[in-house]
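> Provided below: entry_37.cif, containing mmCIF, C-alpha atoms, pLDDT in the B column; chains and numbers go by the auth columns.
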data_start
#
loop_
_atom_site.group_PDB
_atom_site.id
_atom_site.type_symbol
_atom_site.label_atom_id
_atom_site.label_comp_id
_atom_site.label_asym_id
_atom_site.label_seq_id
_atom_site.Cartn_x
_atom_site.Cartn_y
_atom_site.Cartn_z
_atom_site.B_iso_or_equiv
_atom_site.auth_seq_id
_atom_site.auth_asym_id
ATOM 1 C CA MET A 1 103.783 81.549 83.320 69.00 1 A
ATOM 2 C CA TYR A 2 101.345 79.110 84.892 74.00 2 A
ATOM 3 C CA LEU A 3 103.189 79.267 88.223 78.00 3 A
ATOM 4 C CA VAL A 4 103.071 83.066 88.126 77.00 4 A
ATOM 5 C CA THR A 5 99.307 82.881 87.602 79.00 5 A
ATOM 6 C CA VAL A 6 98.590 80.389 90.395 82.00 6 A
ATOM 7 C CA LEU A 7 100.922 82.208 92.805 81.00 7 A
ATOM 8 C CA GLY A 8 100.172 85.816 91.870 81.00 8 A
ATOM 9 C CA ASN A 9 96.378 85.748 91.841 85.00 9 A
ATOM 10 C CA PRO A 10 96.056 84.159 95.317 86.00 10 A
ATOM 11 C CA LEU A 11 98.057 87.101 96.677 84.00 11 A
ATOM 12 C CA ILE A 12 95.286 89.458 95.590 86.00 12 A
ATOM 13 C CA ILE A 13 92.668 87.215 97.203 88.00 13 A
ATOM 14 C CA LEU A 14 94.751 86.975 100.382 87.00 14 A
ATOM 15 C CA ALA A 15 95.283 90.737 100.497 85.00 15 A
ATOM 16 C CA THR A 16 91.556 91.356 100.050 87.00 16 A
ATOM 17 C CA ILE A 17 90.568 88.925 102.797 88.00 17 A
ATOM 18 C CA SER A 18 93.224 89.974 105.321 85.00 18 A
ATOM 19 C CA ASP A 19 92.822 93.760 105.028 82.00 19 A
ATOM 20 C CA SER A 20 89.520 95.160 106.301 83.00 20 A
ATOM 21 C CA HIS A 21 90.092 98.344 104.275 83.00 21 A
ATOM 22 C CA LEU A 22 89.743 96.237 101.121 84.00 22 A
ATOM 23 C CA HIS A 23 86.350 94.823 102.064 88.00 23 A
ATOM 24 C CA THR A 24 84.657 96.896 99.362 89.00 24 A
ATOM 25 C CA PRO A 25 82.702 95.956 96.216 91.00 25 A
ATOM 26 C CA MET A 26 85.644 96.744 93.914 89.00 26 A
ATOM 27 C CA TYR A 27 88.014 94.356 95.703 88.00 27 A
ATOM 28 C CA PHE A 28 85.268 91.779 96.155 92.00 28 A
ATOM 29 C CA PHE A 29 84.880 91.610 92.376 92.00 29 A
ATOM 30 C CA LEU A 30 88.654 91.694 91.931 89.00 30 A
ATOM 31 C CA SER A 31 89.129 88.696 94.224 90.00 31 A
ATOM 32 C CA ASN A 32 86.460 86.813 92.266 92.00 32 A
ATOM 33 C CA LEU A 33 88.280 87.670 89.041 91.00 33 A
ATOM 34 C CA SER A 34 91.542 86.394 90.520 89.00 34 A
ATOM 35 C CA PHE A 35 89.873 83.134 91.552 91.00 35 A
ATOM 36 C CA GLU A 36 88.431 82.807 88.051 90.00 36 A
ATOM 37 C CA ASP A 37 91.873 83.369 86.494 88.00 37 A
ATOM 38 C CA ILE A 38 93.348 80.541 88.567 90.00 38 A
ATOM 39 C CA CYS A 39 90.571 78.151 87.560 90.00 39 A
ATOM 40 C CA PHE A 40 90.614 79.276 83.922 88.00 40 A
ATOM 41 C CA THR A 41 94.287 78.483 83.397 88.00 41 A
ATOM 42 C CA SER A 42 94.092 75.298 85.495 88.00 42 A
ATOM 43 C CA THR A 43 91.524 73.751 83.140 87.00 43 A
ATOM 44 C CA THR A 44 94.001 73.502 80.252 82.00 44 A
ATOM 45 C CA ILE A 45 97.617 74.183 81.260 82.00 45 A
ATOM 46 C CA PRO A 46 98.261 71.135 83.533 82.00 46 A
ATOM 47 C CA LYS A 47 96.967 68.769 80.830 82.00 47 A
ATOM 48 C CA MET A 48 99.018 70.595 78.205 80.00 48 A
ATOM 49 C CA LEU A 49 102.170 70.245 80.318 79.00 49 A
ATOM 50 C CA VAL A 50 101.507 66.522 80.741 81.00 50 A
ATOM 51 C CA ASN A 51 101.053 66.144 76.981 80.00 51 A
ATOM 52 C CA ILE A 52 104.319 67.964 76.338 78.00 52 A
ATOM 53 C CA GLN A 53 106.129 65.780 78.867 82.00 53 A
ATOM 54 C CA THR A 54 104.723 62.517 77.489 82.00 54 A
ATOM 55 C CA GLN A 55 104.833 63.622 73.833 80.00 55 A
ATOM 56 C CA SER A 56 101.199 62.589 73.515 78.00 56 A
ATOM 57 C CA LYS A 57 98.133 64.544 72.397 77.00 57 A
ATOM 58 C CA ALA A 58 95.622 61.926 73.527 78.00 58 A
ATOM 59 C CA ILE A 59 92.702 62.794 75.794 80.00 59 A
ATOM 60 C CA THR A 60 89.719 60.691 76.816 81.00 60 A
ATOM 61 C CA TYR A 61 86.227 61.586 75.645 77.00 61 A
ATOM 62 C CA THR A 62 85.109 62.273 79.216 81.00 62 A
ATOM 63 C CA GLY A 63 88.218 64.336 79.867 82.00 63 A
ATOM 64 C CA CYS A 64 87.636 66.357 76.711 80.00 64 A
ATOM 65 C CA ILE A 65 84.008 67.169 77.555 81.00 65 A
ATOM 66 C CA THR A 66 84.908 67.989 81.173 84.00 66 A
ATOM 67 C CA GLN A 67 87.807 70.214 80.181 86.00 67 A
ATOM 68 C CA MET A 68 85.746 72.052 77.595 84.00 68 A
ATOM 69 C CA CYS A 69 82.860 72.542 80.030 85.00 69 A
ATOM 70 C CA PHE A 70 85.026 74.145 82.720 89.00 70 A
ATOM 71 C CA PHE A 71 86.977 76.144 80.142 87.00 71 A
ATOM 72 C CA LEU A 72 83.741 77.643 78.814 86.00 72 A
ATOM 73 C CA ILE A 73 82.390 78.304 82.310 89.00 73 A
ATOM 74 C CA PHE A 74 85.440 80.222 83.503 90.00 74 A
ATOM 75 C CA GLY A 75 86.015 81.924 80.151 86.00 75 A
ATOM 76 C CA GLU A 76 82.464 83.288 80.095 87.00 76 A
ATOM 77 C CA LEU A 77 82.656 84.086 83.811 91.00 77 A
ATOM 78 C CA ASP A 78 85.651 86.312 83.079 89.00 78 A
ATOM 79 C CA ASN A 79 83.598 88.074 80.432 88.00 79 A
ATOM 80 C CA PHE A 80 80.671 88.793 82.764 91.00 80 A
ATOM 81 C CA LEU A 81 82.832 89.728 85.760 92.00 81 A
ATOM 82 C CA LEU A 82 84.614 92.388 83.711 91.00 82 A
ATOM 83 C CA ALA A 83 81.218 93.838 82.770 92.00 83 A
ATOM 84 C CA VAL A 84 80.128 93.858 86.424 93.00 84 A
ATOM 85 C CA MET A 85 83.390 95.538 87.442 91.00 85 A
ATOM 86 C CA ALA A 86 82.802 98.199 84.779 91.00 86 A
ATOM 87 C CA TYR A 87 79.363 98.849 86.284 93.00 87 A
ATOM 88 C CA ASP A 88 80.949 99.118 89.726 92.00 88 A
ATOM 89 C CA ARG A 89 83.389 101.769 88.448 90.00 89 A
ATOM 90 C CA PHE A 90 80.502 103.587 86.755 91.00 90 A
ATOM 91 C CA VAL A 91 78.590 103.844 90.025 92.00 91 A
ATOM 92 C CA ALA A 92 81.725 104.887 91.950 89.00 92 A
ATOM 93 C CA ILE A 93 82.623 107.697 89.542 88.00 93 A
ATOM 94 C CA CYS A 94 79.226 108.880 88.311 88.00 94 A
ATOM 95 C CA HIS A 95 77.264 108.431 91.560 89.00 95 A
ATOM 96 C CA PRO A 96 79.863 108.640 94.356 87.00 96 A
ATOM 97 C CA LEU A 97 77.426 109.888 97.003 89.00 97 A
ATOM 98 C CA HIS A 98 75.093 106.940 96.430 90.00 98 A
ATOM 99 C CA TYR A 99 77.808 104.325 95.913 90.00 99 A
ATOM 100 C CA THR A 100 77.435 102.515 99.240 90.00 100 A
ATOM 101 C CA ALA A 101 73.650 102.627 98.979 91.00 101 A
ATOM 102 C CA ILE A 102 73.668 101.116 95.468 92.00 102 A
ATOM 103 C CA MET A 103 76.539 98.628 95.705 92.00 103 A
ATOM 104 C CA THR A 104 75.309 96.784 98.770 93.00 104 A
ATOM 105 C CA PRO A 105 76.781 93.391 99.754 92.00 105 A
ATOM 106 C CA TRP A 106 73.497 91.791 98.702 95.00 106 A
ATOM 107 C CA LEU A 107 73.676 93.296 95.205 94.00 107 A
ATOM 108 C CA CYS A 108 77.358 92.394 94.815 94.00 108 A
ATOM 109 C CA GLY A 109 76.671 88.792 95.746 94.00 109 A
ATOM 110 C CA LEU A 110 73.666 88.690 93.414 96.00 110 A
ATOM 111 C CA LEU A 111 75.695 90.042 90.484 94.00 111 A
ATOM 112 C CA VAL A 112 78.388 87.398 90.969 95.00 112 A
ATOM 113 C CA LEU A 113 75.734 84.674 91.301 95.00 113 A
ATOM 114 C CA VAL A 114 74.090 85.777 88.038 93.00 114 A
ATOM 115 C CA CYS A 115 77.507 85.694 86.346 92.00 115 A
ATOM 116 C CA TRP A 116 77.995 82.101 87.494 93.00 116 A
ATOM 117 C CA ILE A 117 74.506 81.013 86.394 91.00 117 A
ATOM 118 C CA LEU A 118 74.850 82.519 82.912 88.00 118 A
ATOM 119 C CA SER A 119 78.323 81.018 82.515 89.00 119 A
ATOM 120 C CA VAL A 120 77.164 77.524 83.497 88.00 120 A
ATOM 121 C CA LEU A 121 74.137 77.706 81.181 84.00 121 A
ATOM 122 C CA HIS A 122 76.362 78.834 78.329 80.00 122 A
ATOM 123 C CA ALA A 123 78.815 75.978 78.926 82.00 123 A
ATOM 124 C CA LEU A 124 76.034 73.377 79.055 79.00 124 A
ATOM 125 C CA LEU A 125 74.554 74.659 75.796 76.00 125 A
ATOM 126 C CA GLN A 126 77.914 74.526 74.056 74.00 126 A
ATOM 127 C CA ASN A 127 78.587 71.017 75.356 70.00 127 A
ATOM 128 C CA LEU A 128 75.222 69.776 74.089 68.00 128 A
ATOM 129 C CA MET A 129 76.031 71.192 70.670 63.00 129 A
ATOM 130 C CA VAL A 130 79.380 69.384 70.611 66.00 130 A
ATOM 131 C CA ILE A 131 77.888 66.076 71.759 63.00 131 A
ATOM 132 C CA GLN A 132 75.499 66.192 68.797 60.00 132 A
ATOM 133 C CA LEU A 133 78.313 66.712 66.280 59.00 133 A
ATOM 134 C CA SER A 134 78.803 62.982 65.766 59.00 134 A
ATOM 135 C CA CYS A 135 75.141 62.443 64.914 57.00 135 A
ATOM 136 C CA TYR A 136 74.162 65.444 62.800 60.00 136 A
ATOM 137 C CA ASP A 137 75.510 67.793 60.184 61.00 137 A
ATOM 138 C CA THR A 138 77.870 70.242 61.891 61.00 138 A
ATOM 139 C CA PHE A 139 76.802 73.417 60.085 65.00 139 A
ATOM 140 C CA LEU A 140 73.790 74.216 62.261 66.00 140 A
ATOM 141 C CA ASN A 141 75.707 73.412 65.443 64.00 141 A
ATOM 142 C CA ASP A 142 78.555 75.689 64.375 65.00 142 A
ATOM 143 C CA VAL A 143 76.122 78.520 63.667 70.00 143 A
ATOM 144 C CA VAL A 144 74.404 78.113 67.045 69.00 144 A
ATOM 145 C CA MET A 145 77.704 77.970 68.959 68.00 145 A
ATOM 146 C CA TYR A 146 79.229 80.999 67.265 70.00 146 A
ATOM 147 C CA PHE A 147 75.976 82.950 67.580 74.00 147 A
ATOM 148 C CA THR A 148 75.708 82.150 71.297 73.00 148 A
ATOM 149 C CA VAL A 149 79.309 83.150 71.966 70.00 149 A
ATOM 150 C CA LEU A 150 78.950 86.386 70.024 74.00 150 A
ATOM 151 C CA LEU A 151 75.624 87.193 71.690 78.00 151 A
ATOM 152 C CA LEU A 152 76.886 86.733 75.246 74.00 152 A
ATOM 153 C CA ALA A 153 80.158 88.506 74.499 73.00 153 A
ATOM 154 C CA SER A 154 78.260 91.373 72.869 79.00 154 A
ATOM 155 C CA ILE A 155 75.961 91.779 75.865 84.00 155 A
ATOM 156 C CA ALA A 156 78.890 91.971 78.276 84.00 156 A
ATOM 157 C CA LEU A 157 80.890 94.222 75.945 83.00 157 A
ATOM 158 C CA ALA A 158 77.889 96.518 75.501 87.00 158 A
ATOM 159 C CA GLY A 159 77.678 96.837 79.280 87.00 159 A
ATOM 160 C CA VAL A 160 81.380 97.698 79.462 88.00 160 A
ATOM 161 C CA LEU A 161 81.151 100.268 76.656 89.00 161 A
ATOM 162 C CA LEU A 162 78.018 101.860 78.103 91.00 162 A
ATOM 163 C CA SER A 163 79.575 102.116 81.562 89.00 163 A
ATOM 164 C CA TYR A 164 82.786 103.640 80.243 88.00 164 A
ATOM 165 C CA SER A 165 80.957 106.087 77.997 89.00 165 A
ATOM 166 C CA LYS A 166 79.223 107.422 81.115 89.00 166 A
ATOM 167 C CA ILE A 167 82.521 107.394 83.016 88.00 167 A
ATOM 168 C CA VAL A 168 84.325 109.373 80.301 86.00 168 A
ATOM 169 C CA SER A 169 81.492 111.912 80.208 88.00 169 A
ATOM 170 C CA SER A 170 81.678 112.366 83.977 86.00 170 A
ATOM 171 C CA ILE A 171 85.475 112.671 83.949 85.00 171 A
ATOM 172 C CA CYS A 172 85.383 115.272 81.167 85.00 172 A
ATOM 173 C CA ALA A 173 82.921 117.296 83.230 82.00 173 A
ATOM 174 C CA ILE A 174 85.431 117.602 86.098 79.00 174 A
ATOM 175 C CA SER A 175 87.036 121.042 85.990 79.00 175 A
ATOM 176 C CA SER A 176 90.433 120.352 87.578 79.00 176 A
ATOM 177 C CA ALA A 177 93.131 118.263 85.894 79.00 177 A
ATOM 178 C CA GLN A 178 93.998 116.644 89.222 81.00 178 A
ATOM 179 C CA GLY A 179 90.393 115.597 89.717 78.00 179 A
ATOM 180 C CA ARG A 180 90.212 114.092 86.230 81.00 180 A
ATOM 181 C CA TYR A 181 93.463 112.189 86.803 80.00 181 A
ATOM 182 C CA LYS A 182 92.281 110.840 90.158 78.00 182 A
ATOM 183 C CA ALA A 183 88.960 109.708 88.683 77.00 183 A
ATOM 184 C CA PHE A 184 90.592 108.036 85.687 79.00 184 A
ATOM 185 C CA SER A 185 93.230 106.304 87.824 77.00 185 A
ATOM 186 C CA THR A 186 90.500 104.404 89.685 76.00 186 A
ATOM 187 C CA CYS A 187 89.465 102.557 86.524 79.00 187 A
ATOM 188 C CA SER A 188 92.628 102.556 84.380 78.00 188 A
ATOM 189 C CA SER A 189 93.723 99.085 85.542 80.00 189 A
ATOM 190 C CA HIS A 190 90.331 97.590 84.796 81.00 190 A
ATOM 191 C CA LEU A 191 90.215 99.292 81.396 83.00 191 A
ATOM 192 C CA PHE A 192 93.599 97.797 80.500 82.00 192 A
ATOM 193 C CA VAL A 193 92.495 94.298 81.569 84.00 193 A
ATOM 194 C CA VAL A 194 89.262 94.620 79.571 85.00 194 A
ATOM 195 C CA SER A 195 91.180 95.667 76.457 83.00 195 A
ATOM 196 C CA LEU A 196 93.618 92.783 76.870 81.00 196 A
ATOM 197 C CA PHE A 197 90.833 90.245 77.392 82.00 197 A
ATOM 198 C CA TYR A 198 88.708 91.245 74.405 82.00 198 A
ATOM 199 C CA CYS A 199 91.650 91.756 72.036 80.00 199 A
ATOM 200 C CA THR A 200 93.128 88.315 72.753 76.00 200 A
ATOM 201 C CA GLY A 201 89.691 86.663 72.717 74.00 201 A
ATOM 202 C CA LEU A 202 88.865 88.273 69.384 75.00 202 A
ATOM 203 C CA GLY A 203 92.237 87.150 68.078 71.00 203 A
ATOM 204 C CA VAL A 204 91.465 83.515 68.954 70.00 204 A
ATOM 205 C CA TYR A 205 88.125 83.517 67.132 69.00 205 A
ATOM 206 C CA LEU A 206 89.442 85.374 64.094 69.00 206 A
ATOM 207 C CA CYS A 207 92.462 83.083 63.765 67.00 207 A
ATOM 208 C CA SER A 208 90.355 79.929 64.066 64.00 208 A
ATOM 209 C CA ALA A 209 87.698 81.173 61.646 62.00 209 A
ATOM 210 C CA VAL A 210 89.822 82.929 59.014 64.00 210 A
ATOM 211 C CA THR A 211 93.191 81.205 58.739 60.00 211 A
ATOM 212 C CA PRO A 212 93.971 77.468 58.703 58.00 212 A
ATOM 213 C CA ASN A 213 97.448 78.170 60.116 58.00 213 A
ATOM 214 C CA SER A 214 97.567 76.352 63.449 62.00 214 A
ATOM 215 C CA LEU A 215 100.592 78.374 64.621 64.00 215 A
ATOM 216 C CA PHE A 216 98.650 81.637 64.658 64.00 216 A
ATOM 217 C CA THR A 217 95.708 79.983 66.396 65.00 217 A
ATOM 218 C CA ALA A 218 97.987 78.393 69.012 66.00 218 A
ATOM 219 C CA THR A 219 99.743 81.717 69.665 67.00 219 A
ATOM 220 C CA ALA A 220 96.452 83.558 70.101 67.00 220 A
ATOM 221 C CA SER A 221 95.144 80.793 72.378 71.00 221 A
ATOM 222 C CA VAL A 222 98.221 80.982 74.619 70.00 222 A
ATOM 223 C CA MET A 223 97.808 84.753 74.881 70.00 223 A
ATOM 224 C CA TYR A 224 94.148 84.279 75.807 72.00 224 A
ATOM 225 C CA THR A 225 94.464 81.403 78.275 76.00 225 A
ATOM 226 C CA VAL A 226 97.873 82.008 79.872 77.00 226 A
ATOM 227 C CA VAL A 227 99.275 85.492 79.336 76.00 227 A
ATOM 228 C CA THR A 228 96.150 87.499 80.210 77.00 228 A
ATOM 229 C CA PRO A 229 95.462 85.740 83.564 80.00 229 A
ATOM 230 C CA MET A 230 99.181 85.980 84.375 79.00 230 A
ATOM 231 C CA LEU A 231 99.289 89.746 83.777 78.00 231 A
ATOM 232 C CA ASN A 232 96.149 90.564 85.777 79.00 232 A
ATOM 233 C CA PRO A 233 97.762 90.463 89.264 76.00 233 A
ATOM 234 C CA PHE A 234 100.671 92.596 88.025 77.00 234 A
ATOM 235 C CA ILE A 235 98.343 95.146 86.449 79.00 235 A
ATOM 236 C CA TYR A 236 96.209 95.497 89.561 74.00 236 A
ATOM 237 C CA SER A 237 98.993 95.314 92.162 68.00 237 A
ATOM 238 C CA LEU A 238 101.484 97.602 90.422 61.00 238 A
ATOM 239 C CA ARG A 239 98.884 100.293 89.732 63.00 239 A
ATOM 240 C CA ASN A 240 96.976 99.972 93.007 72.00 240 A
ATOM 241 C CA LYS A 241 98.446 101.484 96.153 76.00 241 A
ATOM 242 C CA ASP A 242 95.914 99.760 98.425 77.00 242 A
ATOM 243 C CA ILE A 243 96.883 96.303 97.161 79.00 243 A
ATOM 244 C CA ARG A 244 100.585 97.085 97.480 78.00 244 A
ATOM 245 C CA ASN A 245 100.204 98.418 101.021 78.00 245 A
ATOM 246 C CA SER A 246 98.131 95.418 102.040 80.00 246 A
ATOM 247 C CA LEU A 247 100.729 92.993 100.668 76.00 247 A
ATOM 248 C CA LYS A 248 103.539 94.925 102.370 78.00 248 A
ATOM 249 C CA SER A 249 101.818 94.755 105.739 79.00 249 A
ATOM 250 C CA LEU A 250 100.961 91.103 105.145 74.00 250 A
ATOM 251 C CA PHE A 251 104.588 90.172 104.485 74.00 251 A
ATOM 252 C CA GLY A 252 106.115 92.515 107.030 68.00 252 A
ATOM 253 C CA GLY A 253 107.114 95.255 104.579 59.00 253 A
ATOM 254 C CA ASN A 254 109.452 93.008 102.580 56.00 254 A
ATOM 255 C CA LEU A 255 107.812 93.694 99.204 55.00 255 A
#
Step by step, read the file and then write its structure as structure tokens.

Amino acid sequence: MYLVTVLGNPLIILATISDSHLHTPMYFFLSNLSFEDICFTSTTIPKMLVNIQTQSKAITYTGCITQMCFFLIFGELDNFLLAVMAYDRFVAICHPLHYTAIMTPWLCGLLVLVCWILSVLHALLQNLMVIQLSCYDTFLNDVVMYFTVLLLASIALAGVLLSYSKIVSSICAISSAQGRYKAFSTCSSHLFVVSLFYCTGLGVYLCSAVTPNSLFTATASVMYTVVTPMLNPFIYSLRNKDIRNSLKSLFGGNL
């Protein structure tokens, strides 16, 4: 699954870079999401494979802090990028005539930069909380960490829900069935990825907080860290004609 992730997501990035028709805000955000998926899985899976091979669960203190920091950065980056992509679809469907004027390259770059800044700040805060665990009572640190995660996730999720509520209203206002289908098809892939991301993420937190069974927690974690990033390139490429055509032309029509 890891190989599928690190080989499949670069194809989307390569298709976006090589095809001038894909130099649009939607594919710019998609290529950033693909890059994030590669980094997200690479923070944990290689070390896990080494541990399985050596039959050892040991990790250095520095390695643990570093791994956790990058895991939090890319995990939160995924969260914010999905919210930004929902906003992009909202502008495209609800304000199509003003889309190019609103989603300028400057704004797209700024949105991605803000996502990175918030993700890094979140990771640093979480790391500071963990470093203090050995010196203080853990209750307050646990409360702060869970509150921060829920707050940031809620902000991004609220943006997604607000964008899609406007999108659904606009689609319902379209008179023809063909027009409604065409409008919905432009955001169906993203909606599926969002649902997969939040469902698996919620499963991880619920399993770790509610049940002491490590098997359930491990299963939910694998779904969150491996399966979701692996499925993203399939979801976007199989349901997106532009990506498929770009990959076909890139590989000489052999796909």
> Between CA of Ile243 (chain A) and CA of Ile171 (chain A), what is the spacing in Å?
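Straight-line distance from CA of Ile171 (chain A) to CA of Ile243 (chain A) works out to 23.9 Å.
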> Within 10 Å of region 31-33 of chain A, counting all atoms listed in the file, which residues show up once you throw out same-chain ones fewer than 3 positions away? Write them as a count of residues only, please.
29
> Between A:Ser189, A:Ser34, A:Thr225, A:Thr44, which is the closest to Gly203 (chain A) once you count all atoms listed in the file?
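The closest residue to Gly203 (chain A) is A:Thr225.
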> What is the CA of Trp106 (chain A) to CA of Ser185 (chain A) distance in Å?
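Taking CA of Trp106 (chain A) as the start and CA of Ser185 (chain A) as the end point, the length is 26.8 Å.
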> So how far away is CA of Leu151 (chain A) from CA of Thr41 (chain A), in Å?
23.7 Å
> Counting all atoms listed in the file, which of A:Ser154, A:Ser18, A:Ser170, A:Asn240 gets nearest to Ala183 (chain A)?
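So, comparing all the options, the nearest one is A:Ser170.
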> Closest to Asp242 (chain A) among A:Arg89, A:Gly109, A:Ser195, A:Thr186, using all atoms listed in the file?
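The answer is A:Thr186, which sits nearest to Asp242 (chain A).
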> Pick the closest to Cys187 (chain A) from A:Val168, A:Val120, A:Ile155, A:Leu3: which is it, counting all atoms listed in the file?
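Nearest candidate to Cys187 (chain A) out of A:Val168, A:Val120, A:Ile155, A:Leu3: A:Val168.
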> Quick one: which residues end up in the PyMOL selection byres ((chain A and resi 231) around 10) for this structure, as a list in words?
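Expected selection for the PyMOL selection byres ((chain A and resi 231) around 10) here is Met1, Val4, Thr5, Gly8, Asn9, Val193, Leu196, Val226, Val227, Thr228, Pro229, Met230, Asn232, Pro233, Phe234, Ile235 and Tyr236 of chain A.
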> In terms of the shortest atom-to-atom distance over only C-alpha atoms, which of A:Met223, A:His122, A:Ser246, A:Gln53 is closest to Tyr146 (chain A)?
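Nearest to Tyr146 (chain A): A:His122.
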> To test your reading of the syntax: which residues would the PyMOL selection byres ((chain A and resi 68) around 9) return for the file shown? Reply as a list in words.
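Selected by the PyMOL selection byres ((chain A and resi 68) around 9) in this file: Thr43, Thr44, Gly63, Cys64, Ile65, Thr66, Gln67, Cys69, Phe70, Phe71, Leu72, Ile73, Ala123, Gln126 and Asn127 of chain A.
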> Starting from the shown file, work through the PyMOL selection byres ((chain A and resi 103) around 12) and note down what comes out as JSON, numbers by chain.
{"A": [24, 25, 26, 28, 29, 84, 85, 87, 88, 89, 90, 91, 92, 95, 96, 97, 98, 99, 100, 101, 102, 104, 105, 106, 107, 108, 109, 110, 111]}
> Let me make sure I understand: among A:Leu121, A:Leu247, A:Ala83, A:Ala177, which one has the smallest atom-to-atom distance to Phe197 (chain A) if we use only C-alpha atoms?
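The shortest atom-to-atom distance to Phe197 (chain A) comes from A:Ala83.
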